[in-house]
Each structure stands twice: as structure tokens, then as C-alpha cells.
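Here is the file final_36.cif (mmCIF, C-alpha atoms).
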```cif
data_entry
#
loop_
_atom_site.label_atom_id
_atom_site.label_comp_id
_atom_site.auth_asym_id
_atom_site.auth_seq_id
_atom_site.Cartn_x
_atom_site.Cartn_y
_atom_site.Cartn_z
CA MET A 21 -13.37 -18.82 23.71
CA LEU A 22 -12.75 -20.86 20.57
CA LYS A 23 -10.89 -19.01 17.83
CA ALA A 24 -11.81 -19.25 14.15
CA ARG A 25 -9.65 -21.59 12.09
CA ILE A 26 -9.00 -21.86 8.37
CA VAL A 27 -10.67 -25.08 7.28
CA SER A 28 -9.82 -24.69 3.59
CA LEU A 29 -8.53 -22.22 1.01
CA ALA A 30 -8.83 -22.15 -2.77
CA THR A 31 -8.08 -19.68 -5.54
CA ALA A 32 -9.38 -19.09 -9.06
CA VAL A 33 -8.53 -16.93 -12.06
CA PRO A 34 -10.37 -16.06 -15.29
CA PRO A 35 -9.36 -17.72 -18.58
CA HIS A 36 -7.70 -14.88 -20.48
CA VAL A 37 -3.93 -14.56 -20.08
CA ILE A 38 -2.24 -11.21 -20.77
CA SER A 39 1.54 -11.27 -21.04
CA GLN A 40 3.36 -8.21 -19.80
CA SER A 41 4.86 -7.64 -23.24
CA ASP A 42 1.37 -7.62 -24.78
CA ALA A 43 0.17 -5.26 -22.03
CA ALA A 44 3.09 -2.93 -22.79
CA SER A 45 2.20 -2.96 -26.49
CA PHE A 46 -1.42 -2.21 -25.63
CA ALA A 47 -0.36 0.74 -23.47
CA THR A 48 1.94 2.10 -26.16
CA ALA A 49 -0.89 1.96 -28.70
CA ALA A 50 -3.35 3.53 -26.25
CA PHE A 51 -1.17 6.25 -24.74
CA GLY A 52 2.05 6.61 -26.74
CA GLY A 53 1.00 9.29 -29.21
CA ARG A 54 -1.44 11.05 -26.89
CA PHE A 55 0.20 11.32 -23.47
CA ASP A 56 3.38 13.43 -23.28
CA GLY A 57 4.48 11.74 -20.06
CA PHE A 58 4.08 8.19 -21.32
CA GLU A 59 7.75 7.53 -22.11
CA GLN A 60 8.77 8.57 -18.60
CA VAL A 61 6.47 6.03 -16.94
CA ALA A 62 6.43 3.24 -19.57
CA GLY A 63 9.39 1.54 -17.92
CA VAL A 64 7.03 0.31 -15.18
CA PHE A 65 6.00 -2.54 -17.49
CA MET A 66 9.52 -3.93 -17.32
CA THR A 67 10.26 -3.13 -13.66
CA SER A 68 6.93 -4.24 -12.16
CA GLY A 69 8.09 -7.80 -11.53
CA ILE A 70 5.10 -9.11 -13.50
CA ARG A 71 5.37 -11.65 -16.31
CA ARG A 72 1.69 -12.29 -17.00
CA ARG A 73 -1.80 -11.67 -15.62
CA ARG A 74 -5.32 -13.02 -16.02
CA ALA A 75 -8.32 -11.01 -17.15
CA VAL A 76 -12.09 -11.45 -17.37
CA ARG A 77 -11.99 -10.37 -21.02
CA PRO A 78 -9.44 -10.81 -23.84
CA LEU A 79 -7.00 -7.95 -24.38
CA GLU A 80 -8.67 -6.76 -27.58
CA TRP A 81 -11.92 -6.14 -25.66
CA TYR A 82 -10.20 -3.39 -23.65
CA MET A 83 -9.17 -1.59 -26.83
CA GLN A 84 -12.73 -0.60 -27.75
CA PRO A 85 -14.71 2.34 -26.32
CA LEU A 86 -16.16 1.23 -22.99
CA GLY A 87 -18.51 2.84 -20.47
CA TRP A 88 -20.29 1.87 -17.28
CA PRO A 89 -22.76 -0.54 -18.94
CA GLU A 90 -20.06 -2.58 -20.67
CA ARG A 91 -17.71 -2.62 -17.68
CA SER A 92 -20.53 -3.49 -15.26
CA GLU A 93 -21.73 -6.36 -17.43
CA ALA A 94 -18.19 -7.72 -17.62
CA TYR A 95 -17.77 -7.32 -13.84
CA VAL A 96 -20.92 -9.22 -12.94
CA ASP A 97 -20.20 -11.99 -15.42
CA GLY A 98 -16.52 -12.39 -14.60
CA ALA A 99 -16.84 -11.94 -10.83
CA CYS A 100 -19.70 -14.43 -10.56
CA ARG A 101 -17.72 -17.02 -12.52
CA MET A 102 -14.64 -16.56 -10.34
CA PHE A 103 -16.74 -16.56 -7.17
CA ALA A 104 -18.35 -19.89 -8.05
CA ASP A 105 -15.03 -21.41 -9.10
CA ALA A 106 -13.07 -20.40 -5.99
CA ALA A 107 -15.95 -21.09 -3.58
CA GLY A 108 -16.67 -24.47 -5.13
CA ARG A 109 -13.06 -25.54 -4.73
CA ALA A 110 -12.90 -24.29 -1.14
CA LEU A 111 -16.05 -26.24 -0.30
CA ASP A 112 -14.65 -29.37 -1.91
CA ASN A 113 -11.42 -28.99 0.04
CA ALA A 114 -13.44 -28.63 3.26
CA ARG A 115 -15.64 -31.63 2.32
CA LEU A 116 -18.70 -29.44 2.59
CA ARG A 117 -21.62 -28.52 0.35
CA ALA A 118 -22.91 -25.02 -0.21
CA CYS A 119 -25.96 -25.85 1.90
CA ASP A 120 -23.61 -26.34 4.87
CA ILE A 121 -22.58 -22.68 4.80
CA ASP A 122 -24.21 -20.44 7.39
CA THR A 123 -22.65 -17.07 6.46
CA VAL A 124 -21.09 -15.71 3.27
CA VAL A 125 -18.73 -12.72 3.41
CA THR A 126 -18.08 -11.28 -0.06
CA VAL A 127 -15.24 -8.78 -0.50
CA SER A 128 -15.07 -6.86 -3.79
CA SER A 129 -14.26 -3.26 -4.73
CA THR A 130 -13.81 -3.36 -8.51
CA GLY A 131 -17.46 -3.20 -9.52
CA VAL A 132 -20.89 -2.34 -8.22
CA THR A 133 -23.86 -4.69 -8.35
CA THR A 134 -27.11 -4.86 -6.43
CA PRO A 135 -28.09 -7.58 -5.59
CA SER A 136 -24.54 -8.48 -4.60
CA LEU A 137 -22.44 -11.30 -6.00
CA GLU A 138 -23.15 -14.05 -3.45
CA VAL A 139 -26.90 -13.96 -4.05
CA ARG A 140 -26.39 -13.89 -7.81
CA VAL A 141 -24.67 -17.28 -7.58
CA ALA A 142 -26.79 -18.63 -4.71
CA GLY A 143 -28.96 -20.83 -6.92
CA GLN A 144 -26.00 -22.17 -8.86
CA MET A 145 -24.01 -22.83 -5.69
CA GLY A 146 -26.90 -24.22 -3.61
CA PHE A 147 -26.78 -21.84 -0.63
CA ARG A 148 -29.66 -22.20 1.84
CA PRO A 149 -32.42 -19.56 1.83
CA ASP A 150 -31.43 -18.62 5.41
CA VAL A 151 -27.73 -18.10 4.66
CA GLU A 152 -26.54 -14.75 6.03
CA ARG A 153 -24.96 -12.42 3.47
CA VAL A 154 -22.26 -9.86 4.30
CA PRO A 155 -21.09 -7.98 1.18
CA VAL A 156 -18.09 -5.69 1.80
CA PHE A 157 -17.02 -2.88 -0.57
CA GLY A 158 -14.32 -0.21 -0.57
CA LEU A 159 -11.37 -1.89 1.15
CA GLY A 160 -9.39 -2.40 -2.06
CA CYS A 161 -6.08 -4.19 -1.66
CA ALA A 162 -6.58 -4.42 2.12
CA GLY A 163 -9.85 -6.28 1.60
CA GLY A 164 -8.39 -9.76 1.86
CA VAL A 165 -6.89 -9.35 5.32
CA SER A 166 -9.72 -7.09 6.55
CA GLY A 167 -12.28 -9.53 5.16
CA LEU A 168 -10.55 -12.36 7.00
CA SER A 169 -10.94 -10.36 10.20
CA ILE A 170 -14.68 -9.89 9.60
CA ALA A 171 -15.22 -13.55 8.70
CA ALA A 172 -13.20 -14.77 11.68
CA ARG A 173 -15.24 -12.67 14.12
CA LEU A 174 -18.49 -13.95 12.64
CA ALA A 175 -17.29 -17.55 12.93
CA GLN A 176 -16.08 -16.99 16.48
CA SER A 177 -19.44 -15.52 17.49
CA ARG A 178 -21.15 -18.78 16.53
CA PRO A 179 -18.82 -21.71 17.26
CA GLY A 180 -19.33 -24.62 14.90
CA SER A 181 -20.97 -22.56 12.16
CA ASN A 182 -19.40 -22.48 8.68
CA VAL A 183 -18.39 -19.09 7.31
CA LEU A 184 -17.41 -18.74 3.65
CA LEU A 185 -15.18 -15.78 2.79
CA VAL A 186 -14.81 -14.90 -0.90
CA ALA A 187 -12.57 -12.10 -2.16
CA VAL A 188 -13.07 -11.49 -5.87
CA GLU A 189 -11.78 -8.65 -8.02
CA ALA A 190 -11.84 -7.71 -11.70
CA CYS A 191 -9.19 -4.99 -11.56
CA THR A 192 -8.53 -4.99 -15.31
CA LEU A 193 -11.90 -3.35 -15.85
CA SER A 194 -10.29 -0.13 -14.64
CA PHE A 195 -8.02 -0.03 -17.72
CA ARG A 196 -8.90 3.37 -19.16
CA ALA A 197 -7.57 4.43 -22.57
CA ASP A 198 -9.31 7.79 -22.09
CA GLN A 199 -7.37 8.76 -18.92
CA LEU A 200 -3.97 10.20 -19.85
CA THR A 201 -2.38 10.02 -16.40
CA LYS A 202 0.67 8.42 -14.84
CA ALA A 203 -1.56 6.58 -12.35
CA ASN A 204 -3.61 5.04 -15.15
CA VAL A 205 -0.49 3.79 -16.96
CA VAL A 206 0.85 2.29 -13.72
CA ALA A 207 -2.49 0.56 -13.09
CA THR A 208 -2.41 -0.87 -16.61
CA ALA A 209 1.02 -2.32 -15.81
CA LEU A 210 0.03 -3.85 -12.44
CA PHE A 211 -3.56 -5.04 -12.25
CA GLY A 212 -4.92 -8.54 -12.85
CA ASP A 213 -8.12 -10.40 -11.98
CA GLY A 214 -8.65 -13.25 -9.54
CA ALA A 215 -10.56 -14.70 -6.59
CA ALA A 216 -9.91 -16.60 -3.38
CA ALA A 217 -12.28 -18.41 -1.02
CA LEU A 218 -11.81 -19.66 2.52
CA VAL A 219 -14.00 -21.71 4.83
CA LEU A 220 -13.67 -20.71 8.50
CA ARG A 221 -15.02 -22.39 11.60
CA ALA A 222 -14.48 -21.80 15.32
CA GLU A 223 -13.52 -25.20 16.69
CA ASP A 224 -10.71 -27.29 18.05
CA GLY A 225 -8.98 -28.57 14.95
CA ASP A 226 -5.94 -28.71 12.71
CA GLY A 227 -6.34 -25.54 10.65
CA ALA A 228 -4.43 -22.35 11.24
CA GLU A 229 -6.06 -20.24 13.94
CA ILE A 230 -6.80 -16.56 13.33
CA GLU A 231 -5.16 -15.41 16.55
CA SER A 232 -5.57 -11.64 16.23
CA THR A 233 -6.50 -8.97 13.68
CA ALA A 234 -6.00 -5.21 13.53
CA GLN A 235 -6.20 -2.14 11.31
CA HIS A 236 -4.38 1.18 11.23
CA THR A 237 -5.54 4.17 9.18
CA TRP A 238 -3.15 7.08 8.67
CA PRO A 239 -4.72 10.56 8.95
CA ASP A 240 -5.01 12.76 5.86
CA THR A 241 -4.14 9.99 3.39
CA LEU A 242 -7.31 9.70 1.33
CA ASP A 243 -5.39 10.74 -1.78
CA ILE A 244 -2.88 7.87 -1.70
CA MET A 245 -5.13 5.27 -3.31
CA GLY A 246 -8.73 4.89 -4.45
CA TRP A 247 -11.21 5.19 -7.29
CA SER A 248 -12.49 8.19 -9.19
CA VAL A 249 -15.97 7.72 -10.66
CA ASP A 250 -17.19 9.16 -13.95
CA ALA A 251 -19.35 8.28 -16.93
CA GLU A 252 -16.79 5.85 -18.31
CA GLY A 253 -16.31 3.80 -15.14
CA LEU A 254 -13.86 3.58 -12.26
CA GLY A 255 -10.50 5.31 -12.61
CA VAL A 256 -7.52 4.63 -10.38
CA ILE A 257 -6.12 7.21 -7.96
CA PHE A 258 -2.43 7.01 -7.05
CA ASP A 259 -1.65 10.55 -5.92
CA ARG A 260 1.36 9.68 -3.79
CA SER A 261 4.13 7.16 -4.27
CA ILE A 262 3.22 4.14 -2.15
CA PRO A 263 6.64 2.40 -1.76
CA PRO A 264 8.33 5.31 0.10
CA PHE A 265 5.25 5.72 2.28
CA ALA A 266 5.24 2.01 3.13
CA GLU A 267 8.96 1.98 3.89
CA GLU A 268 8.66 4.93 6.27
CA HIS A 269 5.32 4.27 7.96
CA PHE A 270 4.39 0.59 7.79
CA GLY A 271 6.94 -0.70 10.31
CA PRO A 272 5.74 1.44 13.25
CA ALA A 273 2.10 0.69 12.39
CA ALA A 274 2.76 -3.06 12.25
CA ARG A 275 4.52 -2.97 15.61
CA ALA A 276 1.60 -1.04 17.14
CA MET A 277 -0.96 -3.48 15.75
CA LEU A 278 1.00 -6.45 17.07
CA ALA A 279 1.38 -4.78 20.46
CA ARG A 280 -2.41 -4.69 20.82
CA ALA A 281 -2.29 -8.50 20.80
CA GLY A 282 0.66 -8.61 23.19
CA LEU A 283 3.08 -9.50 20.40
CA ASN A 284 6.28 -8.09 18.90
CA LEU A 285 7.90 -8.50 15.49
CA PRO A 286 10.41 -11.07 16.84
CA ASP A 287 7.40 -13.28 17.67
CA ILE A 288 6.64 -13.59 13.94
CA GLU A 289 8.28 -16.49 12.14
CA ARG A 290 6.77 -15.95 8.70
CA PHE A 291 5.25 -13.05 6.79
CA VAL A 292 2.47 -13.29 4.19
CA CYS A 293 2.15 -9.87 2.56
CA HIS A 294 -0.03 -8.43 -0.18
CA PRO A 295 2.39 -7.86 -3.10
CA GLY A 296 1.14 -4.57 -4.48
CA GLY A 297 4.13 -4.25 -6.79
CA ALA A 298 7.83 -5.10 -6.90
CA LYS A 299 8.84 -1.83 -5.24
CA VAL A 300 6.16 -2.25 -2.56
CA VAL A 301 7.47 -5.73 -1.70
CA THR A 302 10.99 -4.34 -1.33
CA ALA A 303 9.66 -1.47 0.79
CA LEU A 304 7.88 -3.95 3.09
CA GLU A 305 11.08 -5.93 3.58
CA ARG A 306 12.86 -2.75 4.60
CA ALA A 307 10.01 -1.56 6.82
CA LEU A 308 9.90 -4.90 8.66
CA GLN A 309 13.71 -5.17 8.72
CA LEU A 310 13.65 -8.43 6.78
CA PRO A 311 16.50 -9.74 4.61
CA GLN A 312 16.08 -8.51 1.05
CA GLY A 313 14.54 -11.29 -1.04
CA LEU A 314 12.83 -13.02 1.90
CA LEU A 315 9.34 -12.38 0.50
CA ALA A 316 9.89 -14.83 -2.34
CA ASP A 317 6.31 -16.15 -2.47
CA GLU A 318 5.03 -12.60 -2.76
CA ARG A 319 7.29 -11.97 -5.73
CA ALA A 320 6.30 -15.28 -7.35
CA VAL A 321 2.58 -14.51 -7.07
CA LEU A 322 3.14 -11.00 -8.43
CA GLU A 323 5.10 -12.42 -11.36
CA ASP A 324 2.39 -14.90 -12.35
CA TYR A 325 -0.80 -12.98 -11.52
CA GLY A 326 -0.05 -9.28 -11.03
CA ASN A 327 -1.82 -7.26 -8.36
CA MET A 328 -5.35 -8.70 -8.08
CA SER A 329 -6.22 -6.43 -5.13
CA ALA A 330 -8.03 -8.16 -2.23
CA PRO A 331 -7.52 -11.86 -3.13
CA THR A 332 -3.80 -11.55 -3.90
CA VAL A 333 -2.63 -12.11 -0.32
CA PHE A 334 -4.51 -15.41 -0.26
CA PHE A 335 -2.56 -16.61 -3.31
CA VAL A 336 0.55 -16.02 -1.18
CA LEU A 337 -1.05 -17.76 1.82
CA GLU A 338 -1.94 -20.73 -0.39
CA ARG A 339 1.75 -21.21 -1.16
CA ALA A 340 2.69 -20.81 2.49
CA LEU A 341 0.12 -23.40 3.59
CA ALA A 342 1.43 -25.85 1.00
CA THR A 343 4.89 -25.79 2.58
CA GLY A 344 3.59 -25.60 6.16
CA LEU A 345 3.13 -22.62 8.44
CA PRO A 346 5.44 -22.08 11.40
CA ARG A 347 4.11 -21.38 14.89
CA ARG A 348 3.06 -17.80 14.09
CA THR A 349 2.54 -15.98 10.76
CA LEU A 350 1.71 -12.32 10.12
CA MET A 351 -0.53 -11.44 7.18
CA THR A 352 -0.40 -7.83 5.98
CA ALA A 353 -2.04 -5.65 3.35
CA MET A 354 -2.54 -1.96 2.66
CA GLY A 355 -5.41 -0.30 0.83
CA PRO A 356 -7.53 2.83 0.38
CA GLY A 357 -7.98 4.92 3.47
CA PHE A 358 -4.94 4.77 3.59
CA THR A 359 -5.21 1.70 5.80
CA ALA A 360 -3.02 -1.21 6.86
CA ALA A 361 -4.60 -4.48 7.94
CA THR A 362 -2.91 -7.35 9.73
CA ALA A 363 -3.83 -10.81 10.97
CA THR A 364 -1.72 -13.24 12.96
CA LEU A 365 -2.15 -16.92 12.25
CA ARG A 366 -1.16 -19.52 14.81
CA ALA A 367 -0.40 -23.01 13.60
CA ALA A 368 -2.31 -25.88 15.20
#
```

Rewrite the structure from the file as C-alpha cells, please.
Amino acid sequence: MLKARIVSLATAVPPHVISQSDAASFATAAFGGRFDGFEQVAGVFMTSGIRRRRAVRPLEWYMQPLGWPERSEAYVDGACRMFADAAGRALDNARLRACDIDTVVTVSSTGVTTPSLEVRVAGQMGFRPDVERVPVFGLGCAGGVSGLSIAARLAQSRPGSNVLLVAVEACTLSFRADQLTKANVVATALFGDGAAALVLRAEDGDGAEIESTAQHTWPDTLDIMGWSVDAEGLGVIFDRSIPPFAEEHFGPAARAMLARAGLNLPDIERFVCHPGGAKVVTALERALQLPQGLLADERAVLEDYGNMSAPTVFFVLERALATGLPRRTLMTAMGPGFTAATATLRAA
């Protein structure tokens, strides 16, 4: 059976740039005189490994009182713009038009909209009336790799069809000046906005083949990461420290997921990991027994864009593709559940 291949990949970011120093000043103004624990956690702005991020709105917009209506309007506007930008570039790179797409898989967990994003831009993009839509919500940071798995299976089920995968997130809309919690401060230090789009097709060709995919969900870990929902919007949940958990548990899970495909860690020549934060990247290197500093592309993406949730891993993959993939690459991400997702890519 023909495997799905990556025909093209493109990324996009919104126009507003937030430097980490400006974000730190914003947090100090928002939390400094109101949250007793702020000084203890404020150092995360300097140790996060982030220099700047992009946002769907300018920094001053986040300083005003905001509720669901304002955040939802910003989500729909910003996410649709990023969707069209990333998807348009991916189509151009694949030498296709939107009317050539048979299925659209949209991954997004940072806002809620019905109808979903892909149909909101369908007229602008030029999708056919019979295009199949597969919106996916709730996977968070694991959404990029898990979405790739979904899109690859759909492409493989219909060889020759064109599947467009778009991961788009507006994480900055979860900045909450009203939530005086450590998790909220950490989120304000980490999150950025962005999108990535890939065209997949099951065929004999030159693109990287999605060889295998897998997930692993740890029992009793719902509290590690997720959203709370209230009248003001979505609020971040980080109830356990993720880096120690990743260092202890990700290695065995990765080995088990590879074993399902008849592979072992020594079979992997390159890693493309979701960089959730500087400490998470270091934890992944330790969990996978990699030399410290090996995940340089992950750190570079984190430095320039922050944690954009689902699309971030594709920013790393974009860099890896530019320099050439080796025979076999392992993509990894972790997100709410608490779930790890992996995909092995085999070079043509």
C-alpha cells in the first residue's frame, strides 16, 4: 500500500511582534502588585529561551478588559488570516490550487468557532463545494503530530488525492490579567501565535514518507495540561511540572511507540520535537539519551516564535527539510491528555 508523503510545507505568523522584555514588563504591570507569588515565578521570562513571539493583536490590546466575545472575535479573525496565509503558501509550493484539494484537516485548540475555520476561508481560498472537512479540537501541543497522523491516514485511504493539513493557534488569547496563578504567568512567558500547512498525497514520489504514527496517553494525568473555561475565556492549566514528567516518562513511551512499528531508538537518525519550553527541550534530550544541545533547531524556533502549540513542531520540521532529512526522522510532541504523539518520516 502506498504511504502518504509530504508534498509541501509552509508556515505563517501574525504581524505583531512581542519581545520577551516587553512581555515581562506587561506581566509585571499586570501581576506585580496583585499576585504575591509573582516574584518567585517572574524569572521564567528570562529562562524560557524565548527572545520574541508573534501575536494576533498588539500587546496593548491584551492590557484591556477582555471576555469571550472579544477573544473569540480576535481568534476567528487572526486564525483565518494565518490559515489562508500558510495554506496559500503550501499550495504554491506544491504547485496546486485550492480547487485541487480533496480533504482539509484543520487542527486548532485555542478558540471555538462554528462553522469551523476551513469553511470560513473556503470562498477566499477557492475550495471546491465537495471538499471534505475534518476539524480537530482539543489536542493542544500534540495537535501537529497527531494531526499529521490523521491527514496521512486519510491520504493513504485514497491514493492520489490531495489532503491539506492546517494547524493554526492563537495561544496569546489565553493571556489573562485576571488569573493570579503561577500557570498563567508561565503561559504569558511562553505562548505565541502561528500556523503551518502541509499538502499530503499517497504516491510514489520524492517527499518524505509518513512511515508510522502512534500515541501514548498516561493514566490519571488530566491535570498536567489543559484549559479551564469561564466567562472571561480560556485559562491555562499547568498543575504539574512538565519537564520532570517528560524526563522520567517520555523515553519509555517513545520506545514503546517505535516498537509498534518494529523500530528502536537507534534506528532514528534525526529528531524533530515540539519545543514546549527550554526546560522541556532539555528534558527530551535526557529522556531520549541525546547529547545536550543536539535539539538546536527546536531551541532556535522557540527563541524566535515561542510555544505556538500545535504548529510549532512544523516550524522545526521546516528547518530540517531545508537542510535535508536523513533516512529516518522521529517527530514528537506532548499535549493535553496527557498524551505523547510520534510520527516517523522516511526520506525518499

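A straight line drawn from atom CA of A:Glu59 to atom CA of A:Thr201 is 11.9 Å long.
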
Set the distance at 10 Å and use all atoms listed in the file: which residues neighbour A:Ala273 once local chain neighbours fewer than 6 positions away are removed? I'd like the list as a short mmCIF file (atom, residue, chain, number, x, y, z; two decimals) with C-alpha atoms, in the coordinates of the input.
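Output (out.cif):
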```
data_model
loop_
_atom_site.label_atom_id
_atom_site.label_comp_id
_atom_site.auth_asym_id
_atom_site.auth_seq_id
_atom_site.Cartn_x
_atom_site.Cartn_y
_atom_site.Cartn_z
CA GLN A 235 -6.20 -2.14 11.31
CA HIS A 236 -4.38 1.18 11.23
CA THR A 237 -5.54 4.17 9.18
CA TRP A 238 -3.15 7.08 8.67
CA ALA A 266 5.24 2.01 3.13
CA ALA A 279 1.38 -4.78 20.46
CA ALA A 307 10.01 -1.56 6.82
CA THR A 359 -5.21 1.70 5.80
CA ALA A 360 -3.02 -1.21 6.86
CA ALA A 361 -4.60 -4.48 7.94
CA THR A 362 -2.91 -7.35 9.73
#
```

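Minimum atom-to-atom distance to A:Ala190, evaluated using all atoms listed in the file, belongs to A:Asn327 out of A:Asn204, A:Asn113, A:Asn327, A:Thr134.
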
Exercise for review: Determine the residue set returned by the PyMOL selection byres ((chain A and resi 302) around 9) for the present structure, and present it as JSON, numbers by chain.
Suggested key: {"A": [263, 267, 297, 298, 299, 300, 301, 303, 304, 305, 306, 307, 312, 313, 315]}

Please produce an output containing C-alpha atoms for each residue in the selection, written as an mmCIF file, in the coordinates of the input.
```cif
data_model
loop_
_atom_site.group_PDB
_atom_site.id
_atom_site.type_symbol
_atom_site.label_atom_id
_atom_site.label_comp_id
_atom_site.auth_asym_id
_atom_site.auth_seq_id
_atom_site.Cartn_x
_atom_site.Cartn_y
_atom_site.Cartn_z
ATOM 1 C CA PRO A 263 6.640 2.400 -1.760
ATOM 2 C CA GLU A 267 8.960 1.980 3.890
ATOM 3 C CA GLY A 297 4.130 -4.250 -6.790
ATOM 4 C CA ALA A 298 7.830 -5.100 -6.900
ATOM 5 C CA LYS A 299 8.840 -1.830 -5.240
ATOM 6 C CA VAL A 300 6.160 -2.250 -2.560
ATOM 7 C CA VAL A 301 7.470 -5.730 -1.700
ATOM 8 C CA ALA A 303 9.660 -1.470 0.790
ATOM 9 C CA LEU A 304 7.880 -3.950 3.090
ATOM 10 C CA GLU A 305 11.080 -5.930 3.580
ATOM 11 C CA ARG A 306 12.860 -2.750 4.600
ATOM 12 C CA ALA A 307 10.010 -1.560 6.820
ATOM 13 C CA GLN A 312 16.080 -8.510 1.050
ATOM 14 C CA GLY A 313 14.540 -11.290 -1.040
ATOM 15 C CA LEU A 315 9.340 -12.380 0.500
#
```

Check your understanding: Which protein, DNA or RNA residues are at most 12 Å from (-1.3, -8.5, 5.1) in the file's coordinates when you count all atoms listed in the file, listed as an MDAnalysis selection string?
Key -> chainID A and resid 161:169 233:236 270 274 277 290:296 301 304 318 329:337 349:355 359:365

Point to revise | Resolved residues for the PyMOL selection byres ((chain A and resi 26-33) around 9) as a ChimeraX atom specification | key: /A:24-25,34-36,74-76,102-103,105-114,172,213-222,225-230,325,331,334-335,337-338

Selection export as a PDB file, in the frame of the given file, atoms kept: C-alpha atoms:
```
ATOM      1  CA  ALA A  24     -11.810 -19.250  14.150  1.00  0.00           C
ATOM      2  CA  ARG A  25      -9.650 -21.590  12.090  1.00  0.00           C
ATOM      3  CA  PRO A  34     -10.370 -16.060 -15.290  1.00  0.00           C
ATOM      4  CA  PRO A  35      -9.360 -17.720 -18.580  1.00  0.00           C
ATOM      5  CA  HIS A  36      -7.700 -14.880 -20.480  1.00  0.00           C
ATOM      6  CA  ARG A  74      -5.320 -13.020 -16.020  1.00  0.00           C
ATOM      7  CA  ALA A  75      -8.320 -11.010 -17.150  1.00  0.00           C
ATOM      8  CA  VAL A  76     -12.090 -11.450 -17.370  1.00  0.00           C
ATOM      9  CA  MET A 102     -14.640 -16.560 -10.340  1.00  0.00           C
ATOM     10  CA  PHE A 103     -16.740 -16.560  -7.170  1.00  0.00           C
ATOM     11  CA  ASP A 105     -15.030 -21.410  -9.100  1.00  0.00           C
ATOM     12  CA  ALA A 106     -13.070 -20.400  -5.990  1.00  0.00           C
ATOM     13  CA  ALA A 107     -15.950 -21.090  -3.580  1.00  0.00           C
ATOM     14  CA  GLY A 108     -16.670 -24.470  -5.130  1.00  0.00           C
ATOM     15  CA  ARG A 109     -13.060 -25.540  -4.730  1.00  0.00           C
ATOM     16  CA  ALA A 110     -12.900 -24.290  -1.140  1.00  0.00           C
ATOM     17  CA  LEU A 111     -16.050 -26.240  -0.300  1.00  0.00           C
ATOM     18  CA  ASP A 112     -14.650 -29.370  -1.910  1.00  0.00           C
ATOM     19  CA  ASN A 113     -11.420 -28.990   0.040  1.00  0.00           C
ATOM     20  CA  ALA A 114     -13.440 -28.630   3.260  1.00  0.00           C
ATOM     21  CA  ALA A 172     -13.200 -14.770  11.680  1.00  0.00           C
ATOM     22  CA  ASP A 213      -8.120 -10.400 -11.980  1.00  0.00           C
ATOM     23  CA  GLY A 214      -8.650 -13.250  -9.540  1.00  0.00           C
ATOM     24  CA  ALA A 215     -10.560 -14.700  -6.590  1.00  0.00           C
ATOM     25  CA  ALA A 216      -9.910 -16.600  -3.380  1.00  0.00           C
ATOM     26  CA  ALA A 217     -12.280 -18.410  -1.020  1.00  0.00           C
ATOM     27  CA  LEU A 218     -11.810 -19.660   2.520  1.00  0.00           C
ATOM     28  CA  VAL A 219     -14.000 -21.710   4.830  1.00  0.00           C
ATOM     29  CA  LEU A 220     -13.670 -20.710   8.500  1.00  0.00           C
ATOM     30  CA  ARG A 221     -15.020 -22.390  11.600  1.00  0.00           C
ATOM     31  CA  ALA A 222     -14.480 -21.800  15.320  1.00  0.00           C
ATOM     32  CA  GLY A 225      -8.980 -28.570  14.950  1.00  0.00           C
ATOM     33  CA  ASP A 226      -5.940 -28.710  12.710  1.00  0.00           C
ATOM     34  CA  GLY A 227      -6.340 -25.540  10.650  1.00  0.00           C
ATOM     35  CA  ALA A 228      -4.430 -22.350  11.240  1.00  0.00           C
ATOM     36  CA  GLU A 229      -6.060 -20.240  13.940  1.00  0.00           C
ATOM     37  CA  ILE A 230      -6.800 -16.560  13.330  1.00  0.00           C
ATOM     38  CA  TYR A 325      -0.800 -12.980 -11.520  1.00  0.00           C
ATOM     39  CA  PRO A 331      -7.520 -11.860  -3.130  1.00  0.00           C
ATOM     40  CA  PHE A 334      -4.510 -15.410  -0.260  1.00  0.00           C
ATOM     41  CA  PHE A 335      -2.560 -16.610  -3.310  1.00  0.00           C
ATOM     42  CA  LEU A 337      -1.050 -17.760   1.820  1.00  0.00           C
ATOM     43  CA  GLU A 338      -1.940 -20.730  -0.390  1.00  0.00           C
TER      44      GLU A 338
END
```

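The closest residue to A:Leu200, picked from A:Leu116, A:Ala94, A:Val256, A:Leu174 and counting only C-alpha atoms, is A:Val256.
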
Box dimensions and centre (Å, one decimal) enclosing stretch 317-328 of chain A, axis-aligned, 5 Å extra per side, as AutoDock Vina command-line options:
```
--center_x 1.0 --center_y -11.7 --center_z -7.4 --size_x 22.6 --size_y 18.9 --size_z 19.9
```

Check your understanding: Written as a ChimeraX atom specification, what is the full residue list that the PyMOL selection byres ((chain A and resi 90) around 12) yields on the file shown?
Key -> /A:77,81-82,84-89,91-97,131,193-194,251-253

Exercise for review: Using all atoms listed in the file, pick whichever of A:Ile257, A:Ala47, A:Ala342, A:Ile170 has the shortest atom-to-atom distance to A:Ile244.
Suggested key: A:Ile257

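Shortest atom-to-atom contact with A:Glu189 among A:Thr48, A:Ser128, A:Ser68, A:Thr123: A:Ser128, counting only C-alpha atoms.
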
Practice item. Fewer than 6 positions away in the same chain doesn't count, so skip those; otherwise give me all residues within 6 Å of stretch 140-155 of chain A, counting all atoms listed in the file, as a list in words. Key: Ala118, Cys119, Asp122, Thr123, Val124, Val125 and Thr126 of chain A

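Closest to A:Ser136 among A:Phe157, A:Ile121, A:Trp247, A:Gly57 is A:Phe157, based on all atoms listed in the file.
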
Practice item. Would you mind reading off the distance between atom CA of A:Val37 and atom CA of A:Pro78, one decimal, in Å? Key: 7.7 Å

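Computed from the coordinates, the atom CA of A:Leu79 to atom CA of A:Val186 distance equals 25.7 Å.
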
**Study point:** Answer as a PyMOL selection string, residues within 10 Å of (5.1, 2.7, -15.9) using only C-alpha atoms
**Key:** chain A and resi 44+47+57-68+202-210

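Shortest atom-to-atom contact with A:Lys23 among A:Gly212, A:Gly98, A:Gly271, A:Pro179: A:Pro179, counting only C-alpha atoms.
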